[in-house]
Each structure stands twice: as C-alpha cells, then as structure tokens.
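Data file: run08.pdb. Format and content: PDB, C-alpha atoms.
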ATOM      1  CA  MET A   1       1.243  -8.845   7.472
ATOM      2  CA  ALA A   2       3.908  -6.167   7.643
ATOM      3  CA  VAL A   3       6.769  -6.781  10.057
ATOM      4  CA  ALA A   4       8.705  -3.885  11.429
ATOM      5  CA  PRO A   5      12.431  -4.150  10.677
ATOM      6  CA  VAL A   6      14.757  -4.606  13.628
ATOM      7  CA  LEU A   7      16.235  -1.239  14.463
ATOM      8  CA  PRO A   8      19.943  -1.124  15.264
ATOM      9  CA  PHE A   9      20.516  -0.526  18.960
ATOM     10  CA  LEU A  10      22.670   2.501  19.542
ATOM     11  CA  PRO A  11      24.311   2.447  22.962
ATOM     12  CA  ALA A  12      24.566   5.626  25.019
ATOM     13  CA  HIS A  13      27.495   7.645  23.827
ATOM     14  CA  ALA A  14      30.226   8.512  26.328
ATOM     15  CA  ARG A  15      31.448  12.032  25.893
ATOM     16  CA  GLY A  16      35.045  12.364  24.875
ATOM     17  CA  ALA A  17      35.497   8.637  24.443
ATOM     18  CA  ALA A  18      34.713   8.300  20.730
ATOM     19  CA  LEU A  19      37.173   6.450  18.579
ATOM     20  CA  SER A  20      35.400   6.438  15.196
ATOM     21  CA  GLN A  21      35.131   9.500  12.988
ATOM     22  CA  GLU A  22      31.366   9.475  13.401
ATOM     23  CA  GLY A  23      31.718   9.250  17.132
ATOM     24  CA  LYS A  24      34.162  12.133  17.217
ATOM     25  CA  SER A  25      31.705  14.180  15.210
ATOM     26  CA  ILE A  26      29.015  13.393  17.729
ATOM     27  CA  ASP A  27      31.438  14.507  20.457
ATOM     28  CA  ALA A  28      31.644  17.813  18.647
ATOM     29  CA  VAL A  29      27.857  18.087  18.601
ATOM     30  CA  ASN A  30      27.639  17.347  22.316
ATOM     31  CA  ALA A  31      30.360  19.869  23.046
ATOM     32  CA  ALA A  32      28.498  22.517  21.094
ATOM     33  CA  PHE A  33      25.367  21.972  23.123
ATOM     34  CA  PRO A  34      26.220  20.787  26.629
ATOM     35  CA  GLY A  35      23.679  20.109  29.292
ATOM     36  CA  ALA A  36      20.998  17.641  30.127
ATOM     37  CA  PRO A  37      19.280  15.679  27.349
ATOM     38  CA  SER A  38      16.786  17.968  25.678
ATOM     39  CA  ILE A  39      13.955  15.496  25.353
ATOM     40  CA  SER A  40      13.280  11.803  25.677
ATOM     41  CA  LEU A  41      13.192   9.565  22.635
ATOM     42  CA  SER A  42       9.455   9.039  23.118
ATOM     43  CA  GLY A  43       8.957  12.783  22.800
ATOM     44  CA  ARG A  44      10.892  12.851  19.568
ATOM     45  CA  TYR A  45       8.845  10.013  18.143
ATOM     46  CA  MET A  46       5.528  11.665  18.964
ATOM     47  CA  ALA A  47       5.895  14.314  16.267
ATOM     48  CA  LEU A  48       6.914  11.650  13.763
ATOM     49  CA  ASP A  49       3.913   9.503  14.644
ATOM     50  CA  THR A  50       1.580  12.455  14.209
ATOM     51  CA  LEU A  51       3.156  13.255  10.870
ATOM     52  CA  TRP A  52       2.791   9.720   9.612
ATOM     53  CA  GLU A  53      -0.886   9.672  10.507
ATOM     54  CA  GLU A  54      -1.424  12.773   8.395
ATOM     55  CA  ALA A  55       0.905  12.054   5.468
ATOM     56  CA  SER A  56       0.554   8.320   4.936
ATOM     57  CA  ARG A  57      -2.052   8.639   2.183
ATOM     58  CA  PRO A  58      -1.594   9.876  -1.432
ATOM     59  CA  GLY A  59      -2.335  13.540  -1.995
ATOM     60  CA  TRP A  60      -1.963  14.423   1.680
ATOM     61  CA  ASP A  61      -1.055  17.981   0.657
ATOM     62  CA  GLY A  62      -4.202  18.446  -1.370
ATOM     63  CA  TYR A  63      -2.281  17.964  -4.609
ATOM     64  CA  SER A  64      -0.062  15.151  -5.883
ATOM     65  CA  ALA A  65       2.117  14.408  -2.848
ATOM     66  CA  ARG A  66       3.309  10.858  -2.430
ATOM     67  CA  PRO A  67       2.478   9.138   0.846
ATOM     68  CA  VAL A  68       5.055   8.540   3.537
ATOM     69  CA  SER A  69       5.528   4.773   3.451
ATOM     70  CA  GLY A  70       5.906   2.514   6.426
ATOM     71  CA  LEU A  71       9.526   1.832   5.497
ATOM     72  CA  THR A  72      10.251   5.573   5.332
ATOM     73  CA  TYR A  73       8.645   5.959   8.751
ATOM     74  CA  TRP A  74      10.946   3.322  10.256
ATOM     75  CA  LYS A  75      14.016   4.802   8.576
ATOM     76  CA  ALA A  76      13.074   8.203   9.979
ATOM     77  CA  LYS A  77      12.588   6.720  13.420
ATOM     78  CA  ALA A  78      16.019   5.101  13.259
ATOM     79  CA  PHE A  79      17.534   8.445  12.284
ATOM     80  CA  LEU A  80      15.904  10.120  15.279
ATOM     81  CA  ALA A  81      17.312   7.405  17.502
ATOM     82  CA  ALA A  82      20.795   8.067  16.112
ATOM     83  CA  LEU A  83      20.724  11.737  17.114
ATOM     84  CA  PRO A  84      22.679  12.690  20.227
ATOM     85  CA  SER A  85      20.341  13.271  23.124
ATOM     86  CA  THR A  86      21.751  16.766  23.628
ATOM     87  CA  VAL A  87      20.620  17.928  20.201
ATOM     88  CA  PRO A  88      17.322  19.828  20.363
ATOM     89  CA  PRO A  89      14.447  17.946  18.769
ATOM     90  CA  PRO A  90      14.000  18.898  15.123
ATOM     91  CA  GLY A  91      10.851  20.078  13.458
ATOM     92  CA  VAL A  92       9.301  17.163  11.560
ATOM     93  CA  GLY A  93       7.557  17.432   8.199
ATOM     94  CA  ALA A  94       6.900  15.534   5.016
ATOM     95  CA  ASP A  95       8.189  16.320   1.540
ATOM     96  CA  PRO A  96       5.859  15.969  -1.444
ATOM     97  CA  ASP A  97       8.012  13.088  -2.692
ATOM     98  CA  GLY A  98       7.067  11.054   0.388
ATOM     99  CA  GLU A  99      10.265  11.554   2.379
ATOM    100  CA  VAL A 100      10.345  12.684   5.999
ATOM    101  CA  ALA A 101      12.128  15.975   6.630
ATOM    102  CA  PHE A 102      13.781  17.116   9.849
ATOM    103  CA  GLU A 103      14.695  20.734  10.393
ATOM    104  CA  TRP A 104      16.718  22.622  12.986
ATOM    105  CA  TYR A 105      15.918  26.316  12.664
ATOM    106  CA  ALA A 106      17.473  29.255  14.438
ATOM    107  CA  ALA A 107      17.183  32.105  11.912
ATOM    108  CA  PRO A 108      16.382  32.538   8.194
ATOM    109  CA  ASP A 109      20.114  32.245   7.450
ATOM    110  CA  LEU A 110      20.875  29.677  10.171
ATOM    111  CA  VAL A 111      19.008  26.471   9.450
ATOM    112  CA  PHE A 112      19.811  22.832   8.737
ATOM    113  CA  THR A 113      17.502  20.209   7.302
ATOM    114  CA  VAL A 114      17.723  16.496   6.528
ATOM    115  CA  SER A 115      15.311  14.348   4.545
ATOM    116  CA  ILE A 116      15.187  10.567   4.532
ATOM    117  CA  GLY A 117      13.271   8.160   2.335
ATOM    118  CA  SER A 118      12.718   4.442   2.038
ATOM    119  CA  SER A 119      16.145   3.950   0.435
ATOM    120  CA  GLY A 120      17.836   5.253   3.567
ATOM    121  CA  VAL A 121      19.594   8.039   1.682
ATOM    122  CA  LEU A 122      19.888  11.217   3.735
ATOM    123  CA  SER A 123      19.563  14.422   1.702
ATOM    124  CA  TYR A 124      20.726  17.427   3.684
ATOM    125  CA  ALA A 125      21.110  21.156   3.214
ATOM    126  CA  GLY A 126      22.064  23.999   5.497
ATOM    127  CA  LEU A 127      22.517  27.756   5.618
ATOM    128  CA  PHE A 128      25.132  29.156   7.983
ATOM    129  CA  GLY A 129      25.105  32.882   7.400
ATOM    130  CA  ARG A 130      26.587  33.444   3.963
ATOM    131  CA  ASN A 131      27.758  29.852   3.759
ATOM    132  CA  LYS A 132      25.713  26.954   2.540
ATOM    133  CA  ILE A 133      26.108  23.199   2.408
ATOM    134  CA  TYR A 134      24.172  20.411   0.745
ATOM    135  CA  GLY A 135      24.726  16.775  -0.095
ATOM    136  CA  SER A 136      23.619  13.222   0.512
ATOM    137  CA  GLU A 137      24.796  10.345   2.671
ATOM    138  CA  GLN A 138      23.660   6.771   3.086
ATOM    139  CA  PHE A 139      22.237   6.156   6.553
ATOM    140  CA  LEU A 140      23.635   2.966   8.058
ATOM    141  CA  GLY A 141      22.435   3.367  11.620
ATOM    142  CA  GLU A 142      24.908   5.982  12.832
ATOM    143  CA  LEU A 143      24.846   9.715  12.275
ATOM    144  CA  PRO A 144      27.029  10.440   9.205
ATOM    145  CA  LYS A 145      29.944  12.748   9.805
ATOM    146  CA  PRO A 146      28.795  15.597   7.515
ATOM    147  CA  ILE A 147      25.464  15.763   9.321
ATOM    148  CA  ALA A 148      26.990  15.605  12.777
ATOM    149  CA  GLU A 149      29.427  18.346  11.789
ATOM    150  CA  SER A 150      26.612  20.488  10.414
ATOM    151  CA  LEU A 151      24.640  20.161  13.647
ATOM    152  CA  SER A 152      27.757  21.079  15.567
ATOM    153  CA  ARG A 153      28.285  24.072  13.308
ATOM    154  CA  LEU A 154      24.685  25.153  13.741
ATOM    155  CA  TYR A 155      24.728  25.023  17.519
ATOM    156  CA  SER A 156      28.140  26.598  17.783
ATOM    157  CA  ASP A 157      26.473  29.806  16.641
ATOM    158  CA  PRO A 158      25.270  31.879  19.610
ATOM    159  CA  ARG A 159      22.005  32.599  17.836
ATOM    160  CA  ALA A 160      21.167  28.910  17.641
ATOM    161  CA  ALA A 161      22.013  28.334  21.279
ATOM    162  CA  ARG A 162      19.716  31.197  22.269
ATOM    163  CA  ALA A 163      16.913  29.911  20.044
ATOM    164  CA  ALA A 164      17.172  26.448  21.557
ATOM    165  CA  ARG A 165      16.751  27.640  25.141
TER     166      ARG A 165
ATOM    167  CA  MET B   1       9.736  21.728  -2.116
ATOM    168  CA  PRO B   2       8.655  20.452  -5.525
ATOM    169  CA  ASP B   3       6.085  17.717  -5.976
ATOM    170  CA  PRO B   4       6.853  14.511  -7.936
ATOM    171  CA  ARG B   5       6.294  16.469 -11.175
ATOM    172  CA  LYS B   6       9.058  18.842 -10.018
ATOM    173  CA  THR B   7       6.722  21.803  -9.724
ATOM    174  CA  THR B   8       5.394  23.749  -6.754
ATOM    175  CA  SER B   9       1.826  24.997  -6.812
ATOM    176  CA  VAL B  10       1.421  28.646  -5.784
ATOM    177  CA  TYR B  11      -1.028  31.515  -6.191
ATOM    178  CA  ARG B  12      -0.272  35.024  -7.368
ATOM    179  CA  ILE B  13      -1.469  37.524  -4.804
ATOM    180  CA  ARG B  14      -0.181  40.830  -6.144
ATOM    181  CA  GLY B  15      -2.907  43.454  -6.013
ATOM    182  CA  LEU B  16      -5.166  41.447  -3.694
ATOM    183  CA  SER B  17      -6.425  42.759  -0.394
ATOM    184  CA  ALA B  18      -5.560  40.889   2.793
ATOM    185  CA  ASP B  19      -9.114  39.559   3.036
ATOM    186  CA  ALA B  20      -8.968  38.304  -0.536
ATOM    187  CA  ILE B  21      -5.643  36.567   0.067
ATOM    188  CA  TRP B  22      -6.969  34.714   3.088
ATOM    189  CA  TRP B  23     -10.164  33.802   1.256
ATOM    190  CA  LEU B  24      -8.106  32.466  -1.661
ATOM    191  CA  GLY B  25      -5.927  30.425   0.659
ATOM    192  CA  ARG B  26      -8.853  28.935   2.534
ATOM    193  CA  LYS B  27     -10.819  28.069  -0.597
ATOM    194  CA  ARG B  28      -7.986  26.772  -2.814
ATOM    195  CA  VAL B  29      -5.520  25.301  -0.319
ATOM    196  CA  ALA B  30      -6.997  24.669   3.122
ATOM    197  CA  ALA B  31     -10.534  23.602   2.231
ATOM    198  CA  PRO B  32      -9.505  20.769  -0.154
ATOM    199  CA  GLN B  33      -7.403  19.338   2.650
ATOM    200  CA  ARG B  34     -10.050  20.058   5.290
ATOM    201  CA  LYS B  35      -7.468  21.797   7.431
ATOM    202  CA  PRO B  36      -7.256  25.277   8.961
ATOM    203  CA  LEU B  37      -5.058  27.847   7.283
ATOM    204  CA  TYR B  38      -2.457  29.006   9.775
ATOM    205  CA  ALA B  39      -0.213  31.152   7.582
ATOM    206  CA  TYR B  40       1.079  31.888   4.134
ATOM    207  CA  ALA B  41       4.493  32.924   2.842
ATOM    208  CA  GLY B  42       5.020  35.414   0.063
ATOM    209  CA  VAL B  43       7.988  35.525  -2.308
ATOM    210  CA  GLN B  44       8.750  37.846  -5.180
ATOM    211  CA  PRO B  45       9.264  36.519  -8.709
ATOM    212  CA  ALA B  46      12.747  38.032  -8.600
ATOM    213  CA  ASP B  47      13.561  35.798  -5.625
ATOM    214  CA  LEU B  48      12.743  32.781  -7.761
ATOM    215  CA  THR B  49      14.859  33.807 -10.715
ATOM    216  CA  ARG B  50      17.729  34.713  -8.415
ATOM    217  CA  VAL B  51      18.074  31.037  -7.433
ATOM    218  CA  GLY B  52      17.456  29.707 -10.920
ATOM    219  CA  LEU B  53      13.759  28.917 -10.638
ATOM    220  CA  ALA B  54      10.928  30.243 -12.771
ATOM    221  CA  LEU B  55       7.203  30.907 -12.516
ATOM    222  CA  THR B  56       4.635  29.736 -15.056
ATOM    223  CA  CYS B  57       1.101  31.067 -14.819
ATOM    224  CA  ASP B  58      -1.700  28.759 -15.972
ATOM    225  CA  ASP B  59      -4.675  30.461 -14.224
ATOM    226  CA  ARG B  60      -6.262  27.060 -13.623
ATOM    227  CA  PRO B  61      -7.936  28.106 -11.370
ATOM    228  CA  ARG B  62      -7.571  31.868 -11.511
ATOM    229  CA  ARG B  63      -4.259  33.224 -10.232
ATOM    230  CA  HIS B  64      -2.761  29.739 -10.012
ATOM    231  CA  ALA B  65       0.888  29.378 -11.036
ATOM    232  CA  GLU B  66       3.688  26.871 -10.673
ATOM    233  CA  ILE B  67       7.313  27.230  -9.668
ATOM    234  CA  VAL B  68       9.370  25.246 -12.176
ATOM    235  CA  ASN B  69      13.008  24.551 -13.113
ATOM    236  CA  TRP B  70      13.717  22.684  -9.897
ATOM    237  CA  PRO B  71      16.945  20.652 -10.119
ATOM    238  CA  ASP B  72      16.763  16.871 -10.218
ATOM    239  CA  GLU B  73      18.938  16.268  -7.152
ATOM    240  CA  LYS B  74      17.143  16.343  -3.787
ATOM    241  CA  PRO B  75      19.949  18.150  -1.873
ATOM    242  CA  ARG B  76      19.966  20.943  -4.451
ATOM    243  CA  GLN B  77      16.183  21.202  -4.189
ATOM    244  CA  LYS B  78      16.515  21.539  -0.426
ATOM    245  CA  ILE B  79      19.133  24.283  -0.531
ATOM    246  CA  LEU B  80      17.025  26.290  -2.974
ATOM    247  CA  ALA B  81      13.980  25.802  -0.738
ATOM    248  CA  LEU B  82      15.972  27.069   2.266
ATOM    249  CA  GLN B  83      17.133  30.111   0.339
ATOM    250  CA  LEU B  84      13.576  30.925  -0.723
ATOM    251  CA  ALA B  85      12.266  30.412   2.789
ATOM    252  CA  GLY B  86      14.931  32.799   4.028
ATOM    253  CA  VAL B  87      13.615  35.668   1.941
ATOM    254  CA  ALA B  88       9.917  34.800   2.153
ATOM    255  CA  VAL B  89       7.617  37.005   4.212
ATOM    256  CA  LEU B  90       5.452  34.994   6.570
ATOM    257  CA  HIS B  91       1.921  36.143   7.356
ATOM    258  CA  ALA B  92       0.210  34.408  10.265
ATOM    259  CA  ASN B  93      -3.541  33.942  10.364
ATOM    260  CA  LYS B  94      -4.955  35.339  13.571
ATOM    261  CA  HIS B  95      -8.127  33.315  13.097
ATOM    262  CA  PRO B  96      -7.153  30.033  11.414
ATOM    263  CA  HIS B  97     -10.461  28.356  12.146
ATOM    264  CA  PHE B  98     -12.655  31.243  11.006
ATOM    265  CA  THR B  99     -14.393  30.858   7.682
ATOM    266  CA  SER B 100     -15.666  34.042   6.157
ATOM    267  CA  SER B 101     -17.763  34.667   3.128
ATOM    268  CA  ARG B 102     -16.223  35.793  -0.114
ATOM    269  CA  PRO B 103     -14.799  39.284   0.314
ATOM    270  CA  ALA B 104     -16.930  42.069  -1.015
ATOM    271  CA  LEU B 105     -14.115  43.609  -3.007
ATOM    272  CA  TRP B 106     -12.670  41.386  -5.687
ATOM    273  CA  PRO B 107      -9.956  42.826  -7.892
ATOM    274  CA  TRP B 108     -11.013  41.184 -11.141
ATOM    275  CA  PRO B 109     -13.049  43.566 -13.253
ATOM    276  CA  ARG B 110     -16.484  42.256 -14.066
ATOM    277  CA  ALA B 111     -18.126  42.992 -17.351
ATOM    278  CA  ASP B 112     -20.930  45.483 -16.894
ATOM    279  CA  ARG B 113     -24.277  43.997 -17.661
ATOM    280  CA  ARG B 114     -26.405  46.180 -19.830
ATOM    281  CA  THR B 115     -30.034  46.316 -18.844
ATOM    282  CA  ARG B 116     -32.605  46.618 -21.577
TER     283      ARG B 116
END
File written out as structure tokens:
Amino acid sequence: MAVAPVLPFLPAHARGAALSQEGKSIDAVNAAFPGAPSISLSGRYMALDTLWEEASRPGWDGYSARPVSGLTYWKAKAFLAALPSTVPPPGVGADPDGEVAFEWYAAPDLVFTVSIGSSGVLSYAGLFGRNKIYGSEQFLGELPKPIAESLSRLYSDPRAARAAR
Amino acid sequence: MPDPRKTTSVYRIRGLSADAIWWLGRKRVAAPQRKPLYAYAGVQPADLTRVGLALTCDDRPRRHAEIVNWPDEKPRQKILALQLAGVAVLHANKHPHFTSSRPALWPWPRADRRTR
C-alpha cells in the first residue's frame, strides 16, 4: 500500500519580514504582484489532479511518454504549496519524460516555466524579452531563490501584470 | 519537449490545405489518444536550425518527421522549447469535436490507372 509522504508545512509568509534569502526573494515576488491571494490552494491542486488522472499511464501522449508517477505528483503538489499566494496560478502540464511542468505565460517572449520530477530537481527556463534564463535547483520545500527571482522579474513587467488581471 | 528518446514527433504540412491539415491531425494525433484536437502549432525548419535542432523525415506514416538534436540537459531543452513556441504560429480548431471524412483534395499524386 502506497503511503503519501508527509509534506512540509509552510507557514503563511509575512510581507517584509523575511530573514532568509529565499524569504527575501518571496518578498520580491509579493511586491511585484500585490493584492489579495489569487486563488486558494485547493484551486491550484485541481489542475494538478486532473493532469495526473490523464498522464499517469505510459504513452499518455499517444507515443512513448513516460507516466507521471505518484512521487512526482506529490513533489509537484509540494511545489505548488511553496508558491506565494499572490502569484497567479500557473498552467499545469506534463512533459514526455514524466515530469510535471508549470508555466506562467504573458507573451511569446515573456514566459517562465518550471518542471519537477520524482528526484525533486526543479528544471526551469524563462524568456524575458531578449533575455533568457535556464537552470536547475533542488527543491527542499521552499521556493529556491532563482525561481522566486524569475517570478518577480516576470510580474514586474507591465505586460505580465496586465495578462494576470 | 522531446520524448525519452530525445526526439519530438511532428508532421510536415507544407503544401496541404487547411482541411487536410486538420484531417491529418485528427487521424494521426488526436484519434490514437481518443481526444479532441483543439489546435496545432506550425514552425519553419529554419526556426529549428536557428536553435540548433534538426528535422529528420521518415515518412512512417506519410509526412511524419522527428525533431532531433535536443540537448541532454532538461533546462536547455526547456529554453529551446520556449524559443520555438515563441515563433510558432498557433491555429485553433473552431470545431474540435467534429470529425469529418477524408478531404476530397489530397496533395499526393496518385498513379493513373490505365483501363483496358
């Protein structure tokens, strides 16, 4: 019988009170997108649940895609829980290698995406006009600084703020 | 994004009518998955080579091809995918649940049958 791993509890983040580098990065994200929380956690999970139902079997894309495993699902859910509540909910999809992909899209040249697999490694890439960024970070329960900074950069652009409204 | 073999399955649509493209998509992509076809995205071969990818045509089935030369690292795959998506032209299907018969005009020349 499979047992779901215990997810780390992430307390509500107080704006402007962060001491860690990750927390300060999250402050920057919140500052870039002020206002009421965009959506409840249950709403964020709904898209992930729907995705897992569709992509949890081999060949879900009609070809040779690997299934999204239960462990990947839980890692993805933990990542969603680590996102600041003020960040708009990402689009959720599956990669052919079985990882879950999250995407924040504002324009063809203003987009940021993160994938996570069963290992907990976050692979991210983003386009910010003529600039681009890509890399990987190990997810340990908190939003890594490069990803928080990329979200802040994305939503500091007026086009992204307009697209999110 | 590439599949575990580090290729991406695509179909060449140059020279096809709109009806033929939608028929191809429904038959080869949507029908095997038993899902409606909502849209397709078109890229030019030059867009692939510009980011270091390549296209190999196997015609199995007809017009099938694969995007190859994807890098090994996942972040690099993602940035290339974003760049391709940025230049791709998206075509939305106005009738995703409609299934039509094979289009009357098919661009492949058929050998004339001689009657005796």
(message) What would the selection look like, as a ChimeraX atom specification, if the PyMOL selection byres ((chain A and resi 137-144) around 6) were run on the coordinates I just shared?
(response) /A:82,120-122,136,145-147
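Computed from the coordinates, the CA of Gly93 (chain A) to CA of Thr7 (chain B) distance equals 18.5 Å.
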(request) Would you translate the PyMOL selection byres ((chain A) within 12 of (chain B)) into the concrete set of residues it matches in this file, as a PyMOL selection string? (result) chain A and resi 54-55+57-67+93-99+101-117+121-137
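Separating CA of Leu71 (chain A) from CA of Ser118 (chain A) is a distance of 5.4 Å.
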The PyMOL selection byres ((chain A and resi 49) around 12) on the file shown: which residues, as a tab-separated table (two decimals) with C-alpha atoms, keeping the file's coordinate frame?
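Below you can see selection_30.tsv, which holds the result:
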chain	number	residue	atom	x	y	z
A	42	SER	CA	9.46	9.04	23.12
A	43	GLY	CA	8.96	12.78	22.80
A	44	ARG	CA	10.89	12.85	19.57
A	45	TYR	CA	8.85	10.01	18.14
A	46	MET	CA	5.53	11.66	18.96
A	47	ALA	CA	5.90	14.31	16.27
A	48	LEU	CA	6.91	11.65	13.76
A	50	THR	CA	1.58	12.46	14.21
A	51	LEU	CA	3.16	13.26	10.87
A	52	TRP	CA	2.79	9.72	9.61
A	53	GLU	CA	-0.89	9.67	10.51
A	54	GLU	CA	-1.42	12.77	8.40
A	55	ALA	CA	0.90	12.05	5.47
A	56	SER	CA	0.55	8.32	4.94
A	68	VAL	CA	5.06	8.54	3.54
A	70	GLY	CA	5.91	2.51	6.43
A	72	THR	CA	10.25	5.57	5.33
A	73	TYR	CA	8.64	5.96	8.75
A	74	TRP	CA	10.95	3.32	10.26
A	76	ALA	CA	13.07	8.20	9.98
A	77	LYS	CA	12.59	6.72	13.42
A	92	VAL	CA	9.30	17.16	11.56
A	93	GLY	CA	7.56	17.43	8.20
A	94	ALA	CA	6.90	15.53	5.02
A	100	VAL	CA	10.34	12.68	6.00
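Picture a line from CA of Asn69 (chain B) to CA of Ile21 (chain B); it runs 25.8 Å.
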(request) Quick one: everything within 7 Å of region 36-39 of chain B, counting all atoms listed in the file, minus sequence neighbours fewer than 4 positions away in the same chain. Send it as a ChimeraX atom specification. (result) /B:26,30,90-93,96-97
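Distances from B:Thr56, B:Trp22, B:Trp70, B:Lys94 to Val10 (chain B) were compared using only C-alpha atoms, and the smallest one belongs to B:Thr56.
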